[in-house]
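Trainee: Following this line is input17.json, made up of JSON, C-alpha atoms and all ligand atoms:
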[["chain", "number", "residue", "atom", "x", "y", "z"],
["A", 15, "MET", "CA", -29.27, -7.36, 6.59],
["A", 16, "ARG", "CA", -28.44, -6.81, 10.21],
["A", 17, "ALA", "CA", -24.71, -6.30, 9.70],
["A", 18, "GLU", "CA", -25.25, -3.60, 7.10],
["A", 19, "GLU", "CA", -27.66, -1.75, 9.36],
["A", 20, "LYS", "CA", -25.00, -1.88, 12.03],
["A", 21, "HIS", "CA", -22.43, -0.44, 9.62],
["A", 22, "ALA", "CA", -24.82, 2.38, 8.78],
["A", 23, "THR", "CA", -25.28, 3.11, 12.50],
["A", 24, "VAL", "CA", -21.54, 3.22, 13.13],
["A", 25, "ALA", "CA", -21.09, 5.64, 10.23],
["A", 26, "ALA", "CA", -23.94, 7.84, 11.45],
["A", 27, "GLU", "CA", -22.55, 7.92, 14.99],
["A", 28, "ALA", "CA", -19.20, 8.97, 13.60],
["A", 29, "GLY", "CA", -21.04, 11.92, 12.07],
["A", 30, "SER", "CA", -19.95, 11.13, 8.55],
["A", 31, "ASP", "CA", -21.61, 9.62, 5.52],
["A", 32, "THR", "CA", -18.56, 10.11, 3.32],
["A", 33, "PRO", "CA", -17.15, 6.65, 2.69],
["A", 34, "VAL", "CA", -13.60, 6.05, 3.84],
["A", 35, "ILE", "CA", -12.99, 4.07, 0.64],
["A", 36, "ASP", "CA", -14.76, 4.86, -2.61],
["A", 37, "LEU", "CA", -13.25, 2.95, -5.52],
["A", 38, "ARG", "CA", -15.00, 3.00, -8.91],
["A", 39, "GLU", "CA", -14.16, 0.92, -11.96],
["A", 40, "GLY", "CA", -10.63, 0.48, -10.64],
["A", 41, "ARG", "CA", -8.24, -1.04, -13.15],
["A", 42, "LYS", "CA", -4.57, -1.74, -12.77],
["A", 43, "THR", "CA", -2.35, -2.94, -15.58],
["A", 44, "TYR", "CA", 1.24, -3.97, -14.92],
["A", 45, "ARG", "CA", 3.61, -3.61, -17.84],
["A", 46, "SER", "CA", 7.02, -5.22, -18.06],
["A", 47, "GLY", "CA", 8.51, -4.79, -21.51],
["A", 48, "GLU", "CA", 6.13, -6.27, -24.07],
["A", 49, "ILE", "CA", 4.04, -8.04, -21.47],
["A", 50, "GLU", "CA", 0.93, -6.52, -19.96],
["A", 51, "PHE", "CA", -1.09, -7.98, -17.16],
["A", 52, "GLU", "CA", -4.40, -6.60, -15.90],
["A", 53, "ALA", "CA", -4.33, -7.33, -12.16],
["A", 54, "LEU", "CA", -7.50, -5.30, -11.37],
["A", 55, "ARG", "CA", -10.26, -5.49, -13.95],
["A", 56, "GLY", "CA", -12.92, -2.99, -12.91],
["A", 57, "VAL", "CA", -13.28, -3.04, -9.13],
["A", 58, "ASP", "CA", -16.03, -1.12, -7.33],
["A", 59, "LEU", "CA", -15.67, -0.98, -3.56],
["A", 60, "THR", "CA", -17.18, 1.25, -0.90],
["A", 61, "VAL", "CA", -16.20, 1.01, 2.76],
["A", 62, "THR", "CA", -17.77, 3.27, 5.38],
["A", 63, "GLU", "CA", -16.29, 4.46, 8.64],
["A", 64, "GLY", "CA", -16.10, 1.80, 11.33],
["A", 65, "GLU", "CA", -16.47, -1.19, 9.00],
["A", 66, "TYR", "CA", -14.35, -4.30, 9.44],
["A", 67, "VAL", "CA", -13.89, -5.81, 5.98],
["A", 68, "ALA", "CA", -11.90, -8.83, 4.91],
["A", 69, "ILE", "CA", -10.68, -9.10, 1.34],
["A", 70, "MET", "CA", -10.29, -12.75, 0.40],
["A", 71, "GLY", "CA", -9.06, -14.53, -2.66],
["A", 72, "PRO", "CA", -6.57, -17.10, -3.91],
["A", 73, "SER", "CA", -2.94, -16.25, -4.54],
["A", 74, "GLY", "CA", -2.55, -14.06, -7.64],
["A", 75, "SER", "CA", -6.15, -12.79, -7.57],
["A", 76, "GLY", "CA", -5.11, -9.17, -7.06],
["A", 77, "LYS", "CA", -5.43, -8.71, -3.28],
["A", 78, "SER", "CA", -2.05, -7.05, -2.75],
["A", 79, "THR", "CA", -2.52, -4.90, -5.83],
["A", 80, "LEU", "CA", -5.82, -3.75, -4.38],
["A", 81, "MET", "CA", -4.17, -3.08, -1.02],
["A", 82, "HIS", "CA", -1.46, -1.00, -2.68],
["A", 83, "VAL", "CA", -4.09, 1.08, -4.43],
["A", 84, "LEU", "CA", -6.24, 1.48, -1.29],
["A", 85, "GLY", "CA", -3.14, 2.42, 0.71],
["A", 86, "CYS", "CA", -1.96, 4.97, -1.87],
["A", 87, "LEU", "CA", 1.24, 2.96, -2.36],
["A", 88, "ASP", "CA", 0.35, 2.67, -6.03],
["A", 89, "VAL", "CA", -2.11, 4.37, -8.39],
["A", 90, "LEU", "CA", -4.81, 2.99, -10.67],
["A", 91, "THR", "CA", -4.28, 2.72, -14.42],
["A", 92, "SER", "CA", -7.88, 3.90, -14.81],
["A", 93, "GLY", "CA", -10.97, 4.45, -12.69],
["A", 94, "SER", "CA", -11.28, 6.62, -9.61],
["A", 95, "TYR", "CA", -10.31, 6.30, -5.98],
["A", 96, "ARG", "CA", -11.45, 8.64, -3.24],
["A", 97, "LEU", "CA", -10.01, 8.15, 0.24],
["A", 98, "GLY", "CA", -11.96, 9.95, 2.94],
["A", 99, "GLY", "CA", -13.49, 12.14, 0.21],
["A", 100, "GLU", "CA", -10.10, 13.06, -1.21],
["A", 101, "ASP", "CA", -9.49, 12.45, -4.90],
["A", 102, "VAL", "CA", -6.30, 10.39, -4.89],
["A", 103, "GLU", "CA", -5.55, 10.69, -8.64],
["A", 104, "LYS", "CA", -5.10, 14.43, -8.29],
["A", 105, "LEU", "CA", -2.38, 14.18, -5.64],
["A", 106, "SER", "CA", 1.36, 14.54, -6.23],
["A", 107, "GLU", "CA", 3.88, 12.00, -4.85],
["A", 108, "VAL", "CA", 4.54, 14.23, -1.86],
["A", 109, "GLU", "CA", 0.83, 14.66, -1.17],
["A", 110, "LEU", "CA", 0.29, 10.89, -1.51],
["A", 111, "ALA", "CA", 3.00, 10.25, 1.08],
["A", 112, "GLU", "CA", 1.34, 12.76, 3.35],
["A", 113, "VAL", "CA", -2.09, 11.11, 2.93],
["A", 114, "ARG", "CA", -0.58, 7.69, 3.65],
["A", 115, "ASN", "CA", 1.07, 8.95, 6.77],
["A", 116, "ARG", "CA", -1.96, 10.77, 8.07],
["A", 117, "ARG", "CA", -4.77, 8.38, 7.15],
["A", 118, "ILE", "CA", -3.46, 4.84, 6.94],
["A", 119, "GLY", "CA", -1.89, 2.43, 9.40],
["A", 120, "PHE", "CA", -0.21, -0.44, 7.55],
["A", 121, "VAL", "CA", 0.37, -3.95, 8.85],
["A", 122, "PHE", "CA", 2.26, -6.40, 6.60],
["A", 123, "GLN", "CA", 2.88, -10.13, 6.66],
["A", 124, "GLN", "CA", 6.65, -9.59, 7.11],
["A", 125, "PHE", "CA", 6.22, -7.07, 10.00],
["A", 126, "HIS", "CA", 8.75, -4.65, 8.40],
["A", 127, "LEU", "CA", 10.28, -3.58, 11.69],
["A", 128, "LEU", "CA", 13.79, -2.12, 11.78],
["A", 129, "PRO", "CA", 15.98, -4.70, 13.56],
["A", 130, "SER", "CA", 18.35, -2.17, 15.15],
["A", 131, "LEU", "CA", 15.60, -0.13, 16.81],
["A", 132, "SER", "CA", 13.75, -0.92, 20.05],
["A", 133, "ALA", "CA", 10.00, -1.52, 19.98],
["A", 134, "TRP", "CA", 9.14, 2.03, 20.96],
["A", 135, "ARG", "CA", 11.61, 3.51, 18.44],
["A", 136, "ASN", "CA", 9.97, 1.43, 15.71],
["A", 137, "VAL", "CA", 6.55, 2.70, 16.74],
["A", 138, "GLU", "CA", 7.83, 6.26, 16.88],
["A", 139, "LEU", "CA", 9.34, 6.23, 13.39],
["A", 140, "PRO", "CA", 6.31, 7.12, 11.20],
["A", 141, "MET", "CA", 5.51, 9.96, 13.59],
["A", 142, "ILE", "CA", 8.95, 11.46, 12.94],
["A", 143, "TYR", "CA", 7.98, 11.64, 9.24],
["A", 144, "GLY", "CA", 4.59, 12.94, 10.37],
["A", 145, "LYS", "CA", 6.36, 15.79, 12.20],
["A", 146, "VAL", "CA", 4.92, 14.96, 15.62],
["A", 147, "ASP", "CA", 7.11, 16.49, 18.33],
["A", 148, "ARG", "CA", 9.47, 14.36, 20.41],
["A", 149, "THR", "CA", 7.60, 14.25, 23.72],
["A", 150, "GLU", "CA", 4.32, 13.46, 22.05],
["A", 151, "ARG", "CA", 5.94, 10.74, 19.93],
["A", 152, "ARG", "CA", 7.28, 9.00, 23.01],
["A", 153, "GLU", "CA", 3.95, 9.30, 24.81],
["A", 154, "ARG", "CA", 1.90, 8.01, 21.86],
["A", 155, "ALA", "CA", 4.34, 5.13, 21.25],
["A", 156, "GLU", "CA", 4.03, 4.03, 24.87],
["A", 157, "ILE", "CA", 0.25, 4.25, 24.80],
["A", 158, "ALA", "CA", 0.07, 2.27, 21.53],
["A", 159, "LEU", "CA", 2.41, -0.43, 22.85],
["A", 160, "GLY", "CA", 0.31, -0.57, 26.02],
["A", 161, "ARG", "CA", -2.81, -1.14, 23.92],
["A", 162, "VAL", "CA", -1.24, -4.17, 22.24],
["A", 163, "GLY", "CA", -0.11, -5.54, 25.62],
["A", 164, "LEU", "CA", 3.61, -4.78, 25.27],
["A", 165, "SER", "CA", 4.22, -2.17, 27.98],
["A", 166, "ASP", "CA", 6.96, -4.42, 29.35],
["A", 167, "ARG", "CA", 8.76, -4.71, 26.00],
["A", 168, "LEU", "CA", 9.30, -1.03, 25.09],
["A", 169, "HIS", "CA", 13.08, -1.34, 24.97],
["A", 170, "ASN", "CA", 13.41, -4.73, 23.31],
["A", 171, "ARG", "CA", 14.56, -5.02, 19.71],
["A", 172, "PRO", "CA", 12.53, -7.11, 17.24],
["A", 173, "GLY", "CA", 15.07, -9.97, 17.46],
["A", 174, "GLU", "CA", 14.29, -10.28, 21.16],
["A", 175, "LEU", "CA", 10.56, -10.67, 20.52],
["A", 176, "SER", "CA", 8.44, -13.57, 19.26],
["A", 177, "GLY", "CA", 6.75, -13.34, 15.85],
["A", 178, "GLY", "CA", 3.42, -12.56, 17.50],
["A", 179, "GLN", "CA", 4.98, -9.83, 19.64],
["A", 180, "GLN", "CA", 6.71, -8.35, 16.58],
["A", 181, "GLN", "CA", 3.39, -8.21, 14.75],
["A", 182, "ARG", "CA", 1.83, -6.53, 17.79],
["A", 183, "VAL", "CA", 4.61, -3.90, 17.64],
["A", 184, "ALA", "CA", 3.69, -3.42, 13.97],
["A", 185, "VAL", "CA", 0.02, -2.98, 14.94],
["A", 186, "ALA", "CA", 1.07, -0.43, 17.61],
["A", 187, "ARG", "CA", 3.08, 1.41, 14.94],
["A", 188, "ALA", "CA", 0.01, 1.42, 12.68],
["A", 189, "LEU", "CA", -2.16, 2.80, 15.51],
["A", 190, "ALA", "CA", 0.14, 5.42, 16.97],
["A", 191, "GLY", "CA", -0.45, 7.95, 14.20],
["A", 192, "ASP", "CA", -4.23, 7.75, 14.85],
["A", 193, "PRO", "CA", -5.06, 6.74, 11.27],
["A", 194, "THR", "CA", -8.48, 6.79, 9.63],
["A", 195, "MET", "CA", -8.03, 3.19, 8.54],
["A", 196, "ILE", "CA", -5.93, 0.12, 9.34],
["A", 197, "LEU", "CA", -4.88, -1.75, 6.21],
["A", 198, "ALA", "CA", -3.44, -5.19, 6.90],
["A", 199, "ASP", "CA", -2.07, -7.54, 4.18],
["A", 200, "GLU", "CA", -1.90, -11.16, 5.42],
["A", 201, "PRO", "CA", -1.01, -9.96, 8.94],
["A", 202, "THR", "CA", -1.25, -13.46, 10.37],
["A", 203, "GLY", "CA", 0.49, -15.18, 7.44],
["A", 204, "ASN", "CA", 3.73, -15.72, 9.39],
["A", 205, "LEU", "CA", 2.22, -16.40, 12.80],
["A", 206, "ASP", "CA", 1.44, -19.57, 14.73],
["A", 207, "SER", "CA", -2.15, -20.14, 15.81],
["A", 208, "ALA", "CA", -1.79, -18.59, 19.30],
["A", 209, "SER", "CA", -0.21, -15.41, 17.91],
["A", 210, "THR", "CA", -2.79, -15.31, 15.13],
["A", 211, "GLU", "CA", -5.49, -15.33, 17.79],
["A", 212, "ASP", "CA", -3.72, -12.50, 19.68],
["A", 213, "VAL", "CA", -3.57, -10.30, 16.60],
["A", 214, "LEU", "CA", -7.18, -11.07, 15.60],
["A", 215, "THR", "CA", -8.38, -10.31, 19.14],
["A", 216, "LEU", "CA", -6.59, -6.99, 18.87],
["A", 217, "PHE", "CA", -8.39, -6.27, 15.60],
["A", 218, "ASP", "CA", -11.73, -7.19, 17.25],
["A", 219, "GLU", "CA", -11.00, -4.61, 19.96],
["A", 220, "LEU", "CA", -10.01, -1.97, 17.42],
["A", 221, "HIS", "CA", -13.21, -2.64, 15.51],
["A", 222, "GLU", "CA", -15.27, -2.31, 18.69],
["A", 223, "ALA", "CA", -13.52, 1.01, 19.36],
["A", 224, "GLY", "CA", -14.80, 2.23, 15.96],
["A", 225, "ARG", "CA", -11.73, 1.84, 13.77],
["A", 226, "THR", "CA", -12.09, 1.08, 10.08],
["A", 227, "ILE", "CA", -10.19, -2.12, 9.27],
["A", 228, "VAL", "CA", -9.45, -3.69, 5.91],
["A", 229, "LEU", "CA", -7.86, -7.10, 6.36],
["A", 230, "ILE", "CA", -6.47, -9.04, 3.43],
["A", 231, "THR", "CA", -6.18, -12.78, 3.79],
["A", 232, "HIS", "CA", -6.51, -16.02, 1.86],
["A", 233, "GLU", "CA", -7.65, -17.91, 4.98],
["A", 234, "HIS", "CA", -11.35, -18.31, 5.56],
["A", 235, "ASP", "CA", -11.01, -18.64, 9.36],
["A", 236, "VAL", "CA", -9.22, -15.29, 9.50],
["A", 237, "ALA", "CA", -11.64, -13.57, 7.10],
["A", 238, "SER", "CA", -14.66, -14.73, 9.08],
["A", 239, "ARG", "CA", -13.53, -12.56, 12.02],
["A", 240, "ALA", "CA", -14.51, -9.51, 9.94],
["A", 241, "ARG", "CA", -18.13, -8.36, 9.52],
["A", 242, "ARG", "CA", -18.04, -8.35, 5.76],
["A", 243, "ILE", "CA", -16.14, -10.50, 3.27],
["A", 244, "VAL", "CA", -15.27, -9.24, -0.18],
["A", 245, "SER", "CA", -14.04, -12.07, -2.42],
["A", 246, "VAL", "CA", -11.66, -11.27, -5.24],
["A", 247, "ARG", "CA", -11.08, -13.58, -8.24],
["A", 248, "ASP", "CA", -8.97, -12.75, -11.27],
["A", 249, "GLY", "CA", -8.93, -9.04, -10.51],
["A", 250, "ARG", "CA", -12.67, -8.74, -10.01],
["A", 251, "ILE", "CA", -15.02, -8.72, -7.05],
["A", 252, "HIS", "CA", -16.71, -12.06, -7.13],
["A", 253, "ALA", "CA", -18.82, -11.78, -3.96],
["A", 254, "ASP", "CA", -19.48, -9.23, -1.22],
["A", 255, "GLU", "CA", -21.28, -10.60, 1.82],
["A", 256, "ALA", "CA", -22.03, -9.68, 5.41],
["A", 257, "VAL", "CA", -20.69, -12.19, 7.94],
["A", 258, "THR", "CA", -23.53, -13.72, 9.92],
["A", 259, "ALA", "CA", -22.67, -14.38, 13.53],
["B", 1, "LIG", "P1", -2.40, -11.59, -4.50],
["B", 1, "LIG", "O1", -1.96, -10.61, -3.46],
["B", 1, "LIG", "O2", -3.86, -11.86, -4.49],
["B", 1, "LIG", "O3", -1.61, -12.86, -4.45],
["B", 1, "LIG", "P2", -1.22, -9.72, -6.41],
["B", 1, "LIG", "O4", -2.02, -8.48, -6.36],
["B", 1, "LIG", "O5", 0.09, -9.72, -5.72],
["B", 1, "LIG", "O6", -2.12, -10.96, -5.94],
["B", 1, "LIG", "O7", -0.97, -10.09, -7.94],
["B", 1, "LIG", "C1", -2.04, -10.16, -8.89],
["B", 1, "LIG", "C2", -1.45, -10.50, -10.26],
["B", 1, "LIG", "O8", -0.67, -9.41, -10.73],
["B", 1, "LIG", "C3", -0.54, -11.71, -10.24],
["B", 1, "LIG", "O9", -0.77, -12.46, -11.43],
["B", 1, "LIG", "C4", 0.85, -11.12, -10.26],
["B", 1, "LIG", "O10", 1.76, -11.97, -10.89],
["B", 1, "LIG", "C5", 0.67, -9.82, -11.01],
["B", 1, "LIG", "N1", 1.59, -8.78, -10.52],
["B", 1, "LIG", "C6", 1.65, -8.29, -9.28],
["B", 1, "LIG", "N2", 2.59, -7.32, -9.17],
["B", 1, "LIG", "C7", 3.13, -7.21, -10.42],
["B", 1, "LIG", "C8", 4.15, -6.38, -10.99],
["B", 1, "LIG", "N3", 4.78, -5.46, -10.24],
["B", 1, "LIG", "N4", 4.45, -6.56, -12.29],
["B", 1, "LIG", "C9", 3.81, -7.48, -13.05],
["B", 1, "LIG", "N5", 2.82, -8.28, -12.59],
["B", 1, "LIG", "C10", 2.50, -8.15, -11.29],
["B", 2, "MG", "MG", -0.63, -10.78, -1.83]]
What do you get writing this file as structure tokens?
Ligand code: ADP
Ligand code: MG
Mentor:
Amino acid sequence: MRAEEKHATVAAEAGSDTPVIDLREGRKTYRSGEIEFEALRGVDLTVTEGEYVAIMGPSGSGKSTLMHVLGCLDVLTSGSYRLGGEDVEKLSEVELAEVRNRRIGFVFQQFHLLPSLSAWRNVELPMIYGKVDRTERRERAEIALGRVGLSDRLHNRPGELSGGQQQRVAVARALAGDPTMILADEPTGNLDSASTEDVLTLFDELHEAGRTIVLITHEHDVASRARRIVSVRDGRIHADEAVTA
């Protein structure tokens, strides 16, 4: 398994054999009134530093639920989740928010940019919560927007940008805090094919630079850009395969 050997090398070079993601027997049950639904039914998943993993599955299979758990936006009903060696179940709400801010860069299908703020103000925002000082925020926002090719759009609001450019602002926002991992849920779901290619090229570059990326998608073409594809069906991992070039 060439790809797995490569993953091991990346992790070793990073000087860490602690997995970024270590999920064991993860179960998530949603309850609304009398009705219960088990969206995750015993998921084991390990992701090491520097891996680029796609999580694939049909609509309703539990991908977003899994992303919410991995991103500390929601907690498991049972099982254990360690993020960068940290036991997530033991953390309070405030600590969870802190872990999210420090370790995870989120990219969503709907971009989630604030329409009244310029590109650089949007990128700066999570760093305000992260208590980064003003000068450094501005500097990091400009660098991040430069990395996604938007140095000439710092002062434009989302409404003045194309969908692809808006998603690149969202990627810059995810990067600016220097997170351990990028977690993207259907990031190309609202993009045309040219913008999809732009965003996926950006992810390729981030992967080459050693970032850990978890990309959720239901499209095979998008998933095959990753180095490993984890398939989810009915709340369970159905397959976990290295992508062969
Ligand atoms: P995917 O992202 O793969 O489409 P989701 O994780 O969003 O799947 O949903 C998995 C299953 O859990 C679906 O059947 C969905 O209806 C159910 N589900 C998701 N969120 C909730 C919720 N908050 N309350 C009840 N059921 C939910
Ligand atoms: Mg979803």
Trainee: Output the neighbourhood of ligand MG 2 (chain B) as a VMD selection string, that is, all protein and nucleic acid residues with some atom at most 10 Å from the ligand, counting all atoms listed in the file.
Mentor: chain A and resid 71 to 82 122 to 123 199 to 200 230 to 232
Trainee: Which residue, A:Asp58, A:Gly249, A:Gly98, A:Phe217, has the smallest gap to ligand LIG 1 (chain B) when you use all atoms listed in the file?
Mentor: A:Gly249
Trainee: Go through A:Gln124, A:Ser94, A:Ser46, A:Ser176 and flag the residue nearest Leu59 (chain A), using only C-alpha atoms for the distances.
Mentor: A:Ser94
Trainee: For a quick check of understanding, using all atoms listed in the file, which of A:Ala198, A:Ala253, A:Ala190, A:Leu216 has the smallest distance to ligand LIG 1 (chain B)?
Mentor: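 Once distances to ligand LIG 1 (chain B) are computed over all atoms listed in the file, the minimum belongs to A:Ala198.
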Trainee: Could you check the closest approach to Thr202 (chain A) for each of A:Val121, A:Arg242, A:Tyr44, A:Arg250 and tell me which residue wins, using all atoms listed in the file?
Mentor: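 Closest to Thr202 (chain A), using all atoms listed in the file: A:Val121.
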Trainee: Take atom C1 of ligand LIG 1 (chain B) and CA of Val108 (chain A) and report the distance between them in Å, one decimal.
Mentor: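 CA of Val108 (chain A) lies 26.2 Å from atom C1 of ligand LIG 1 (chain B).
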Trainee: My list of candidates is A:Met141, A:Val257, A:Val61, A:Leu84. Which is closest to ligand LIG 1 (chain B) when distances are computed with all atoms listed in the file?
Mentor: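 Answer, going by the shortest atom-to-atom distance: A:Leu84.
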Trainee: Box for ligand LIG 1 (chain B) - axis-aligned, 4 Å on each of the six sides, all listed atoms - centre and size in Å to one decimal, as AutoDock Vina command-line options.
Mentor:
--center_x 0.5 --center_y -9.2 --center_z -8.3 --size_x 16.6 --size_y 15.4 --size_z 17.6
Trainee: Which is closer to Ala186 (chain A) than all the others in A:Lys145, A:Glu138, A:Pro201, A:Asp166, using only C-alpha atoms?
Mentor: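 Closest to Ala186 (chain A), using only C-alpha atoms: A:Glu138.
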Trainee: Near Gly173 (chain A), counting all atoms listed in the file, which residues have an atom at most 9 Å away, once you skip same-chain residues fewer than 6 positions from it, shown as a PyMOL selection string?
Mentor: chain A and resi 129-130+180
Trainee: Identify the residues around (2.1, -7.5, 12.8) within a radius of 6 Å, measuring from only C-alpha atoms in the coordinates stated by the file, and give them as a ChimeraX atom specification.
Mentor: /A:121,125,181-182,184-185,201
Trainee: Considering only C-alpha atoms, return as an MDAnalysis selection string whatever protein or nucleic-acid residues lie within 10 Å of Val113 (chain A), sequence-local ones (same chain, fewer than 3 positions apart) excluded.
Mentor: chainID A and resid 85:86 97:98 100 102 105 107:110 116:118 193
